[in-house]
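Peer 1: The following file, structure08.pdb, comprises PDB, C-alpha atoms:
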ATOM      1  CA  MET T  14       3.844  39.830 -17.898
ATOM      2  CA  PHE T  15       0.729  39.583 -15.757
ATOM      3  CA  THR T  16       1.487  40.761 -12.221
ATOM      4  CA  ASP T  17      -1.984  41.040 -10.609
ATOM      5  CA  LYS T  18      -3.171  38.739  -7.849
ATOM      6  CA  ILE T  19      -6.477  36.982  -8.453
ATOM      7  CA  GLU T  20      -9.145  35.726  -6.065
ATOM      8  CA  ALA T  21     -11.845  33.184  -7.000
ATOM      9  CA  LYS T  22     -14.357  36.025  -7.378
ATOM     10  CA  ASP T  23     -12.199  37.522 -10.178
ATOM     11  CA  PHE T  24     -11.835  34.258 -12.083
ATOM     12  CA  ASP T  25     -14.788  34.758 -14.447
ATOM     13  CA  LYS T  26     -13.312  38.055 -15.633
ATOM     14  CA  MET T  27      -9.987  36.500 -16.558
ATOM     15  CA  ASP T  28      -8.651  35.839 -20.045
ATOM     16  CA  PRO T  29      -9.728  32.404 -21.407
ATOM     17  CA  GLU T  30      -6.092  31.359 -21.637
ATOM     18  CA  TYR T  31      -5.576  32.062 -17.947
ATOM     19  CA  LYS T  32      -8.678  30.025 -17.064
ATOM     20  CA  GLU T  33      -7.563  27.134 -19.244
ATOM     21  CA  LEU T  34      -4.009  27.092 -17.871
ATOM     22  CA  LEU T  35      -5.084  27.351 -14.238
ATOM     23  CA  GLY T  36      -7.665  24.567 -14.651
ATOM     24  CA  HIS T  37      -5.098  22.398 -16.411
ATOM     25  CA  VAL T  38      -2.347  22.857 -13.848
ATOM     26  CA  LEU T  39      -4.772  22.173 -10.972
ATOM     27  CA  ALA T  40      -5.945  18.949 -12.651
ATOM     28  CA  ILE T  41      -2.320  17.818 -13.100
ATOM     29  CA  GLN T  42      -1.457  18.721  -9.511
ATOM     30  CA  ALA T  43      -4.499  16.834  -8.176
ATOM     31  CA  ASP T  44      -3.604  13.817 -10.314
ATOM     32  CA  CYS T  45      -0.018  13.805  -9.035
ATOM     33  CA  GLU T  46      -1.147  14.060  -5.402
ATOM     34  CA  ILE T  47      -3.453  11.042  -5.620
ATOM     35  CA  GLY T  48      -1.194   9.258  -8.134
ATOM     36  CA  GLY T  49       1.447   8.617  -5.457
ATOM     37  CA  PRO T  50      -0.731   6.521  -3.097
ATOM     38  CA  HIS T  51      -2.045   4.619  -6.113
ATOM     39  CA  LEU T  52       1.520   3.513  -6.765
ATOM     40  CA  TYR T  53       2.340   2.155  -3.320
ATOM     41  CA  VAL T  54      -0.677   1.603  -1.043
ATOM     42  CA  GLU T  55      -1.743  -1.730  -2.510
ATOM     43  CA  THR T  56       1.745  -3.202  -2.740
ATOM     44  CA  MET T  57       3.912  -1.497  -0.131
ATOM     45  CA  LEU T  58       1.606  -1.014   2.833
ATOM     46  CA  PRO T  59       1.421  -4.784   3.447
ATOM     47  CA  ALA T  60       5.067  -5.361   2.446
ATOM     48  CA  ALA T  61       6.948  -2.629   4.344
ATOM     49  CA  PRO T  62       9.796  -4.089   6.449
ATOM     50  CA  THR T  63       8.429  -3.025   9.841
ATOM     51  CA  LYS T  64       5.035  -2.221  11.309
ATOM     52  CA  LEU T  65       6.196   1.325  11.972
ATOM     53  CA  ASP T  66       7.043   1.674   8.274
ATOM     54  CA  GLN T  67       3.569   0.369   7.431
ATOM     55  CA  LEU T  68       2.045   3.074   9.618
ATOM     56  CA  ILE T  69       4.264   5.754   8.097
ATOM     57  CA  ILE T  70       3.180   4.660   4.610
ATOM     58  CA  ALA T  71      -0.451   4.992   5.733
ATOM     59  CA  ARG T  72       0.273   8.456   7.146
ATOM     60  CA  THR T  73       2.041   9.505   3.941
ATOM     61  CA  ALA T  74      -0.932   8.327   1.874
ATOM     62  CA  ALA T  75      -3.313  10.201   4.207
ATOM     63  CA  GLU T  76      -1.319  13.397   3.689
ATOM     64  CA  GLU T  77      -1.322  12.974  -0.094
ATOM     65  CA  ILE T  78      -5.091  12.416  -0.040
ATOM     66  CA  ASP T  79      -5.405  15.614   1.956
ATOM     67  CA  HIS T  80      -3.252  17.455  -0.609
ATOM     68  CA  PHE T  81      -5.571  16.151  -3.318
ATOM     69  CA  ARG T  82      -8.545  17.391  -1.315
ATOM     70  CA  LYS T  83      -7.115  20.894  -1.006
ATOM     71  CA  VAL T  84      -6.225  21.153  -4.694
ATOM     72  CA  ALA T  85      -9.612  19.675  -5.706
ATOM     73  CA  ARG T  86     -11.334  22.313  -3.579
ATOM     74  CA  VAL T  87      -9.429  25.179  -5.207
ATOM     75  CA  ALA T  88     -10.298  23.725  -8.632
ATOM     76  CA  GLY T  89     -13.897  22.941  -7.696
ATOM     77  CA  ASP T  90     -14.534  26.474  -6.492
ATOM     78  CA  ILE T  91     -13.854  27.774 -10.010
ATOM     79  CA  GLY T  92     -15.932  25.065 -11.672
ATOM     80  CA  VAL T  93     -13.106  22.663 -12.541
ATOM     81  CA  ASP T  94     -14.033  19.123 -11.544
ATOM     82  CA  VAL T  95     -10.918  17.025 -10.887
ATOM     83  CA  SER T  96     -12.706  14.220  -9.020
ATOM     84  CA  PHE T  97     -12.318  11.941 -12.070
ATOM     85  CA  VAL T  98      -8.645  11.420 -11.178
ATOM     86  CA  LEU T  99      -9.688   9.576  -8.005
ATOM     87  CA  SER T 100     -10.818   6.569 -10.032
ATOM     88  CA  GLN T 101      -8.457   6.979 -12.955
ATOM     89  CA  PRO T 102      -6.374   3.862 -13.702
ATOM     90  CA  ASN T 103      -2.643   4.414 -13.208
ATOM     91  CA  GLU T 104      -1.974   4.012 -16.944
ATOM     92  CA  LYS T 105      -3.981   7.172 -17.564
ATOM     93  CA  ARG T 106      -2.176   9.465 -15.150
ATOM     94  CA  PHE T 107      -1.105  12.825 -16.628
ATOM     95  CA  VAL T 108       2.533  12.241 -15.683
ATOM     96  CA  ASP T 109       4.369   9.088 -16.845
ATOM     97  CA  THR T 110       6.036   8.584 -13.456
ATOM     98  CA  PHE T 111       2.699   7.668 -11.886
ATOM     99  CA  ARG T 112       1.829   4.989 -14.437
ATOM    100  CA  GLY T 113       2.610   1.615 -12.909
ATOM    101  CA  LEU T 114       3.154   0.173  -9.439
ATOM    102  CA  ILE T 115       5.929   0.276  -6.876
ATOM    103  CA  THR T 116       6.794  -3.292  -5.981
ATOM    104  CA  THR T 117      10.084  -3.120  -4.077
ATOM    105  CA  TRP T 118      11.087  -1.409  -0.864
ATOM    106  CA  GLU T 119      14.068   0.292  -2.492
ATOM    107  CA  ASP T 120      11.783   1.737  -5.175
ATOM    108  CA  ASN T 121       9.457   2.994  -2.444
ATOM    109  CA  ALA T 122      12.355   4.644  -0.574
ATOM    110  CA  VAL T 123      13.876   6.241  -3.675
ATOM    111  CA  PHE T 124      10.448   7.371  -4.856
ATOM    112  CA  GLY T 125      10.064   9.419  -1.678
ATOM    113  CA  PHE T 126      13.627  10.709  -1.882
ATOM    114  CA  LEU T 127      13.588  11.690  -5.586
ATOM    115  CA  ILE T 128       9.985  11.959  -6.825
ATOM    116  CA  ASP T 129       8.444  13.670  -3.795
ATOM    117  CA  ARG T 130      11.301  16.136  -4.194
ATOM    118  CA  VAL T 131      10.070  16.906  -7.719
ATOM    119  CA  GLY T 132       6.650  17.351  -6.104
ATOM    120  CA  ARG T 133       8.178  19.975  -3.848
ATOM    121  CA  TYR T 134       9.668  21.730  -6.891
ATOM    122  CA  GLN T 135       6.278  21.696  -8.637
ATOM    123  CA  LEU T 136       4.622  23.243  -5.604
ATOM    124  CA  GLU T 137       7.358  25.850  -5.244
ATOM    125  CA  GLU T 138       6.480  27.017  -8.748
ATOM    126  CA  PHE T 139       3.222  28.361  -7.296
ATOM    127  CA  TYR T 140       4.911  30.429  -4.581
ATOM    128  CA  ASP T 141       3.765  34.025  -5.004
ATOM    129  CA  CYS T 142       1.636  32.937  -7.979
ATOM    130  CA  SER T 143      -1.148  35.089  -9.398
ATOM    131  CA  TYR T 144      -3.958  32.855  -8.085
ATOM    132  CA  LEU T 145      -4.183  33.501  -4.347
ATOM    133  CA  PRO T 146      -6.393  30.527  -3.326
ATOM    134  CA  LEU T 147      -3.685  28.237  -4.730
ATOM    135  CA  GLN T 148      -0.943  30.147  -2.968
ATOM    136  CA  ARG T 149      -2.746  29.824   0.375
ATOM    137  CA  ILE T 150      -2.811  26.018   0.418
ATOM    138  CA  LEU T 151       0.920  25.686  -0.268
ATOM    139  CA  PRO T 152       2.659  26.061   3.125
ATOM    140  CA  ASP T 153       1.068  23.021   4.812
ATOM    141  CA  ILE T 154       1.384  20.856   1.703
ATOM    142  CA  VAL T 155       5.065  21.711   1.217
ATOM    143  CA  THR T 156       5.818  21.057   4.906
ATOM    144  CA  GLU T 157       4.332  17.562   4.591
ATOM    145  CA  GLU T 158       6.146  16.904   1.324
ATOM    146  CA  LEU T 159       9.417  17.770   3.078
ATOM    147  CA  GLY T 160       8.599  15.032   5.601
ATOM    148  CA  HIS T 161       8.049  12.517   2.777
ATOM    149  CA  ILE T 162      11.366  13.489   1.166
ATOM    150  CA  GLU T 163      13.209  13.131   4.476
ATOM    151  CA  TYR T 164      11.664   9.728   5.145
ATOM    152  CA  GLY T 165      12.588   8.600   1.618
ATOM    153  CA  TYR T 166      16.131   9.880   2.091
ATOM    154  CA  ASN T 167      16.531   8.103   5.450
ATOM    155  CA  LYS T 168      15.183   4.800   4.087
ATOM    156  CA  THR T 169      17.423   5.100   1.008
ATOM    157  CA  LEU T 170      20.424   5.670   3.277
ATOM    158  CA  GLU T 171      19.501   2.646   5.418
ATOM    159  CA  LEU T 172      19.418   0.467   2.314
ATOM    160  CA  ILE T 173      22.808   1.745   1.130
ATOM    161  CA  GLN T 174      24.312   1.067   4.553
ATOM    162  CA  SER T 175      22.822  -2.440   4.709
ATOM    163  CA  GLY T 176      25.645  -3.844   2.548
ATOM    164  CA  ASP T 177      26.786  -4.261  -1.047
ATOM    165  CA  GLU T 178      23.607  -5.969  -2.196
ATOM    166  CA  GLY T 179      21.373  -3.298  -0.674
ATOM    167  CA  LYS T 180      23.528  -0.573  -2.179
ATOM    168  CA  ALA T 181      23.406  -2.193  -5.640
ATOM    169  CA  ARG T 182      19.601  -2.503  -5.477
ATOM    170  CA  THR T 183      19.333   1.113  -4.376
ATOM    171  CA  GLN T 184      21.557   2.317  -7.211
ATOM    172  CA  LYS T 185      19.327   0.417  -9.639
ATOM    173  CA  ALA T 186      16.261   2.161  -8.190
ATOM    174  CA  VAL T 187      17.996   5.556  -8.413
ATOM    175  CA  ASP T 188      18.917   4.867 -12.054
ATOM    176  CA  TYR T 189      15.239   4.123 -12.733
ATOM    177  CA  TRP T 190      13.634   7.055 -10.875
ATOM    178  CA  TYR T 191      16.214   9.757 -11.590
ATOM    179  CA  VAL T 192      15.437   9.958 -15.331
ATOM    180  CA  ARG T 193      11.718   9.922 -14.551
ATOM    181  CA  ALA T 194      12.228  12.734 -12.089
ATOM    182  CA  LEU T 195      14.012  14.822 -14.721
ATOM    183  CA  ASP T 196      11.292  14.106 -17.288
ATOM    184  CA  MET T 197       8.642  15.342 -14.840
ATOM    185  CA  PHE T 198       9.809  18.916 -15.439
ATOM    186  CA  GLY T 199       8.591  18.726 -19.033
ATOM    187  CA  ARG T 200      10.195  19.804 -22.288
ATOM    188  CA  SER T 201      12.781  22.586 -22.132
ATOM    189  CA  ALA T 202      11.266  24.292 -25.188
ATOM    190  CA  SER T 203       7.681  24.076 -23.909
ATOM    191  CA  ILE T 204       5.593  27.015 -25.117
ATOM    192  CA  LYS T 205       2.973  26.239 -22.472
ATOM    193  CA  SER T 206       5.599  26.663 -19.770
ATOM    194  CA  GLU T 207       6.264  30.187 -21.072
ATOM    195  CA  ARG T 208       2.549  30.976 -20.961
ATOM    196  CA  TYR T 209       2.352  29.795 -17.338
ATOM    197  CA  ARG T 210       5.136  32.227 -16.543
ATOM    198  CA  TYR T 211       3.495  35.009 -18.482
ATOM    199  CA  TRP T 212       0.327  34.639 -16.399
ATOM    200  CA  GLY T 213       2.255  34.466 -13.145
ATOM    201  CA  LEU T 214       1.238  30.859 -12.525
ATOM    202  CA  LYS T 215       4.821  29.536 -12.494
ATOM    203  CA  ARG T 216       8.158  31.081 -11.643
ATOM    204  CA  ARG T 217      10.792  29.152 -13.549
ATOM    205  CA  SER T 218      11.172  27.657 -17.014
ATOM    206  CA  ASN T 219      11.028  23.856 -17.157
ATOM    207  CA  ASP T 220      14.713  23.765 -17.949
ATOM    208  CA  GLN T 221      15.693  26.046 -15.086
ATOM    209  CA  ALA T 222      13.656  24.065 -12.540
ATOM    210  CA  ARG T 223      15.156  20.819 -13.831
ATOM    211  CA  GLN T 224      18.668  22.247 -13.630
ATOM    212  CA  ASP T 225      18.041  23.423 -10.061
ATOM    213  CA  TYR T 226      16.894  19.886  -9.214
ATOM    214  CA  ILE T 227      19.994  18.340 -10.819
ATOM    215  CA  ASN T 228      22.201  20.757  -8.881
ATOM    216  CA  GLU T 229      20.462  19.854  -5.609
ATOM    217  CA  VAL T 230      20.241  16.080  -6.008
ATOM    218  CA  GLY T 231      23.651  15.361  -7.566
ATOM    219  CA  PRO T 232      25.731  16.259  -4.485
ATOM    220  CA  ILE T 233      23.332  14.370  -2.192
ATOM    221  CA  LEU T 234      23.644  11.198  -4.273
ATOM    222  CA  THR T 235      27.431  11.531  -4.321
ATOM    223  CA  GLN T 236      27.535  12.075  -0.564
ATOM    224  CA  MET T 237      25.441   8.920  -0.134
ATOM    225  CA  GLY T 238      28.063   6.975  -2.078
ATOM    226  CA  LEU T 239      25.865   6.531  -5.158
ATOM    227  CA  THR T 240      26.623   7.282  -8.794
ATOM    228  CA  VAL T 241      24.704  10.177 -10.320
ATOM    229  CA  PRO T 242      22.966   8.768 -13.411
ATOM    230  CA  ASP T 243      23.579  10.338 -16.823
ATOM    231  CA  PRO T 244      20.912  13.092 -16.986
ATOM    232  CA  ASN T 245      20.453  12.560 -20.732
ATOM    233  CA  LYS T 246      20.171   8.777 -20.793
ATOM    234  CA  GLY T 247      16.698   7.277 -21.177
ATOM    235  CA  ARG T 248      14.947  10.632 -21.126
ATOM    236  CA  ARG T 249      11.633  11.113 -22.957
ATOM    237  CA  TYR T 250      11.206  14.861 -22.585
ATOM    238  CA  MET T 251      14.315  16.917 -23.282
TER     239      MET T 251
ATOM    240  CA  MET G  22     -18.279  34.347  -8.434
ATOM    241  CA  PRO G  23     -17.664  31.371 -10.713
ATOM    242  CA  GLN G  24     -20.071  28.441 -10.544
ATOM    243  CA  ALA G  25     -18.538  25.865  -8.191
ATOM    244  CA  VAL G  26     -18.577  22.175  -9.041
ATOM    245  CA  ALA G  27     -21.655  20.426  -7.644
ATOM    246  CA  ASN G  28     -20.806  18.260  -4.613
ATOM    247  CA  ILE G  29     -17.369  19.827  -4.139
ATOM    248  CA  GLU G  30     -18.229  20.693  -0.552
ATOM    249  CA  GLN G  31     -19.468  17.177   0.205
ATOM    250  CA  LEU G  32     -16.396  15.618  -1.391
ATOM    251  CA  ASP G  33     -14.186  17.964   0.607
ATOM    252  CA  GLU G  34     -15.937  17.035   3.852
ATOM    253  CA  HIS G  35     -15.881  13.316   3.089
ATOM    254  CA  LEU G  36     -12.158  13.289   2.343
ATOM    255  CA  MET G  37     -11.449  15.428   5.396
ATOM    256  CA  GLU G  38     -13.229  12.843   7.540
ATOM    257  CA  VAL G  39     -11.273   9.992   5.964
ATOM    258  CA  VAL G  40      -7.975  11.804   6.460
ATOM    259  CA  ARG G  41      -8.837  12.492  10.119
ATOM    260  CA  ALA G  42      -9.719   8.827  10.664
ATOM    261  CA  LEU G  43      -6.494   7.710   9.008
ATOM    262  CA  HIS G  44      -4.379  10.014  11.159
ATOM    263  CA  SER G  45      -6.216   8.831  14.238
ATOM    264  CA  ALA G  46      -5.543   5.165  13.390
ATOM    265  CA  VAL G  47      -1.871   5.913  12.675
ATOM    266  CA  ARG G  48      -1.510   7.782  15.978
ATOM    267  CA  GLN G  49      -3.131   4.881  17.811
ATOM    268  CA  GLY G  50      -0.680   2.436  16.243
ATOM    269  CA  VAL G  51       2.415   4.580  16.793
ATOM    270  CA  SER G  52       1.562   5.383  20.402
ATOM    271  CA  HIS G  53       1.058   1.679  21.196
ATOM    272  CA  LYS G  54       3.971   0.437  19.138
ATOM    273  CA  ASP G  55       4.849  -2.251  21.705
ATOM    274  CA  ASN G  56       1.358  -3.734  21.654
ATOM    275  CA  SER G  57       1.252  -5.774  18.467
ATOM    276  CA  LYS G  58      -2.496  -6.351  18.689
ATOM    277  CA  VAL G  59      -3.231  -2.604  18.705
ATOM    278  CA  VAL G  60      -0.662  -1.975  15.963
ATOM    279  CA  ASP G  61      -2.073  -4.739  13.753
ATOM    280  CA  THR G  62      -5.593  -3.377  14.170
ATOM    281  CA  ALA G  63      -4.404   0.141  13.297
ATOM    282  CA  ILE G  64      -2.651  -1.115  10.138
ATOM    283  CA  LYS G  65      -5.707  -3.144   9.137
ATOM    284  CA  ASP G  66      -7.996  -0.128   9.656
ATOM    285  CA  CYS G  67      -5.684   2.095   7.614
ATOM    286  CA  LYS G  68      -5.532  -0.465   4.806
ATOM    287  CA  GLU G  69      -9.318  -0.742   4.664
ATOM    288  CA  MET G  70      -9.808   3.027   4.588
ATOM    289  CA  LEU G  71      -7.094   3.541   1.999
ATOM    290  CA  ASP G  72      -8.456   0.757  -0.213
ATOM    291  CA  GLU G  73     -11.798   2.586  -0.261
ATOM    292  CA  VAL G  74     -10.142   5.847  -1.297
ATOM    293  CA  MET G  75      -8.107   4.036  -3.947
ATOM    294  CA  LYS G  76     -11.325   2.663  -5.474
ATOM    295  CA  GLY G  77     -12.345   6.281  -5.999
ATOM    296  CA  ASN G  78     -16.063   5.554  -6.031
ATOM    297  CA  VAL G  79     -17.081   9.170  -5.463
ATOM    298  CA  LYS G  80     -20.785   8.640  -6.155
ATOM    299  CA  GLU G  81     -20.973   5.918  -3.517
ATOM    300  CA  TRP G  82     -19.156   8.104  -0.953
ATOM    301  CA  LEU G  83     -21.530  10.998  -1.421
ATOM    302  CA  ASN G  84     -24.753   9.005  -1.406
TER     303      ASN G  84
END
Can the structure in the file be given as structure tokens, please?
Peer 2:
Amino acid sequence: MFTDKIEAKDFDKMDPEYKELLGHVLAIQADCEIGGPHLYVETMLPAAPTKLDQLIIARTAAEEIDHFRKVARVAGDIGVDVSFVLSQPNEKRFVDTFRGLITTWEDNAVFGFLIDRVGRYQLEEFYDCSYLPLQRILPDIVTEELGHIEYGYNKTLELIQSGDEGKARTQKAVDYWYVRALDMFGRSASIKSERYRYWGLKRRSNDQARQDYINEVGPILTQMGLTVPDPNKGRRYM
Amino acid sequence: MPQAVANIEQLDEHLMEVVRALHSAVRQGVSHKDNSKVVDTAIKDCKEMLDEVMKGNVKEWLN
């Protein structure tokens, strides 16, 4: 296991595998940060139920753009250009979850509640990671992601409490996003995931992170009066 | 030191400016939430700025 801590000045001396993995994970992270606003700005900013919600969507998008900026800077400083993801069509996003559009308010709420939570998990993988410039940008990004998750949770709860119809629509959205959230952790038998851990770029196996997520989200869904979807149904990456 | 991507500093500065302007518009709207004219203008400004970012025309931004 690699236990050193690396600064940008050390990058050129690193093993080619380390360089490749770090560049790859930064490109994916940048794509996920900008992929969120691409899902909801066009459709949800004009359609949010209140003007305050419209402003909060704009603020959320601004924060995600800023997260992209920070990740792009870390990547750019080691010669990895991730600016192409800014104009990438949604169908070409690295992660399936970001391919498409959010067109309903319940999907927007549940996206924040469930998918931004996966975003938090992804970022937590880099805590104490071997690449210090990446580690340094984490605290502010994670704090803002926690705000997005809380907003998503509160809006999801409002929909559930709005009546049977709202609750049914919310359950449908949870059924849709939950399996996508679980797939975002990648394949349990991923060899690449092991190499990330070897180089100190990630902390947990894909399976362990996914299981931690299931253990966290299940009780919250139950407490909200929703049914926890079957974690194996409709999955693409087991 | 590794060779940094050309224009990374300019892109960083441009996006930082956009993010600042977005936060400023949001703050303006939230702090005048009872004045629908101000709120509508703030939302419109945010939408215009976000639409530009969503287009992702980096070359145009940095020219």
Peer 1: At a cut-off of 9 Å, list the chain T residues touching chain G, using all atoms listed in the file, as a ChimeraX atom specification.
Peer 2: /T:21-25,47,50-51,54-55,58-59,64-65,67-69,71-72,74-76,78-79,82-83,85-86,88-94,96-101
Peer 1: May I have the residues within 7 Å of region 140-147 of chain T as a list in words, using all atoms listed in the file and disregarding those fewer than 4 positions away in the same chain?
Peer 2: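 Near region 140-147 of chain T, the qualifying residues are Thr16, Asp17, Lys18, Ile19, Glu20, Val87, Leu151, Gly213, Leu214 and Lys215 of chain T.
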Peer 1: Need to verify the contact set: Thr116 (chain T), 10 Å, all atoms listed in the file, exclusion of same-chain residues closer than 3 positions in sequence. Can you return it as a ChimeraX atom specification?
Peer 2: /T:52-53,55-57,60,113,119-121
Peer 1: Just the number, please: distance in Å from CA of Arg133 (chain T) to CA of Leu35 (chain T), one decimal.
Peer 2: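 Result for CA of Arg133 (chain T) versus CA of Leu35 (chain T): 18.4 Å, one decimal.
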Peer 1: One decimal, in Å: what's the spacing between CA of Leu239 (chain T) and CA of Gln184 (chain T)?
Peer 2: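 Those two atoms sit 6.4 Å apart.
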Peer 1: Need the shell around Gly49 (chain T): protein/DNA/RNA residues with any atom at most 10 Å away, counting all atoms listed in the file. Skip same-chain ones fewer than 3 positions apart. Format as a short mmCIF file (atom, residue, chain, number, x, y, z; two decimals) with C-alpha atoms, in the frame of the given file?
Peer 2:
data_model
loop_
_atom_site.label_atom_id
_atom_site.label_comp_id
_atom_site.auth_asym_id
_atom_site.auth_seq_id
_atom_site.Cartn_x
_atom_site.Cartn_y
_atom_site.Cartn_z
CA ASP T 44 -3.60 13.82 -10.31
CA CYS T 45 -0.02 13.80 -9.04
CA GLU T 46 -1.15 14.06 -5.40
CA LEU T 52 1.52 3.51 -6.76
CA TYR T 53 2.34 2.15 -3.32
CA VAL T 54 -0.68 1.60 -1.04
CA THR T 73 2.04 9.51 3.94
CA ALA T 74 -0.93 8.33 1.87
CA GLU T 77 -1.32 12.97 -0.09
CA ILE T 78 -5.09 12.42 -0.04
CA ASN T 103 -2.64 4.41 -13.21
CA THR T 110 6.04 8.58 -13.46
CA PHE T 111 2.70 7.67 -11.89
CA ARG T 112 1.83 4.99 -14.44
CA LEU T 114 3.15 0.17 -9.44
CA ILE T 115 5.93 0.28 -6.88
CA PHE T 124 10.45 7.37 -4.86
CA GLY T 125 10.06 9.42 -1.68
CA ILE T 128 9.98 11.96 -6.82
CA ASP T 129 8.44 13.67 -3.80
#
Peer 1: Just say which residues the PyMOL selection byres ((chain T and resi 206-210) around 10) picks in this file, as number ranges by chain.
Peer 2: T: 14-15, 30-31, 34-35, 38, 138, 142-143, 198-205, 211-220
Peer 1: Generate the output file for the selected residues, C-alpha atoms, as a PDB file, in the coordinates of the input.
Peer 2:
ATOM      1  CA  MET T  14       3.844  39.830 -17.898  1.00  0.00           C
ATOM      2  CA  PHE T  15       0.729  39.583 -15.757  1.00  0.00           C
ATOM      3  CA  GLU T  30      -6.092  31.359 -21.637  1.00  0.00           C
ATOM      4  CA  TYR T  31      -5.576  32.062 -17.947  1.00  0.00           C
ATOM      5  CA  LEU T  34      -4.009  27.092 -17.871  1.00  0.00           C
ATOM      6  CA  LEU T  35      -5.084  27.351 -14.238  1.00  0.00           C
ATOM      7  CA  VAL T  38      -2.347  22.857 -13.848  1.00  0.00           C
ATOM      8  CA  GLU T 138       6.480  27.017  -8.748  1.00  0.00           C
ATOM      9  CA  CYS T 142       1.636  32.937  -7.979  1.00  0.00           C
ATOM     10  CA  SER T 143      -1.148  35.089  -9.398  1.00  0.00           C
ATOM     11  CA  PHE T 198       9.809  18.916 -15.439  1.00  0.00           C
ATOM     12  CA  GLY T 199       8.591  18.726 -19.033  1.00  0.00           C
ATOM     13  CA  ARG T 200      10.195  19.804 -22.288  1.00  0.00           C
ATOM     14  CA  SER T 201      12.781  22.586 -22.132  1.00  0.00           C
ATOM     15  CA  ALA T 202      11.266  24.292 -25.188  1.00  0.00           C
ATOM     16  CA  SER T 203       7.681  24.076 -23.909  1.00  0.00           C
ATOM     17  CA  ILE T 204       5.593  27.015 -25.117  1.00  0.00           C
ATOM     18  CA  LYS T 205       2.973  26.239 -22.472  1.00  0.00           C
ATOM     19  CA  TYR T 211       3.495  35.009 -18.482  1.00  0.00           C
ATOM     20  CA  TRP T 212       0.327  34.639 -16.399  1.00  0.00           C
ATOM     21  CA  GLY T 213       2.255  34.466 -13.145  1.00  0.00           C
ATOM     22  CA  LEU T 214       1.238  30.859 -12.525  1.00  0.00           C
ATOM     23  CA  LYS T 215       4.821  29.536 -12.494  1.00  0.00           C
ATOM     24  CA  ARG T 216       8.158  31.081 -11.643  1.00  0.00           C
ATOM     25  CA  ARG T 217      10.792  29.152 -13.549  1.00  0.00           C
ATOM     26  CA  SER T 218      11.172  27.657 -17.014  1.00  0.00           C
ATOM     27  CA  ASN T 219      11.028  23.856 -17.157  1.00  0.00           C
ATOM     28  CA  ASP T 220      14.713  23.765 -17.949  1.00  0.00           C
TER      29      ASP T 220
END
Peer 1: Exactly which residues make up the result of the PyMOL selection byres ((chain T and resi 233-238) around 10) on this file, given as JSON, numbers by chain?
Peer 2: {"T": [166, 169, 170, 173, 174, 180, 184, 187, 228, 229, 230, 231, 232, 239, 240, 241, 242]}
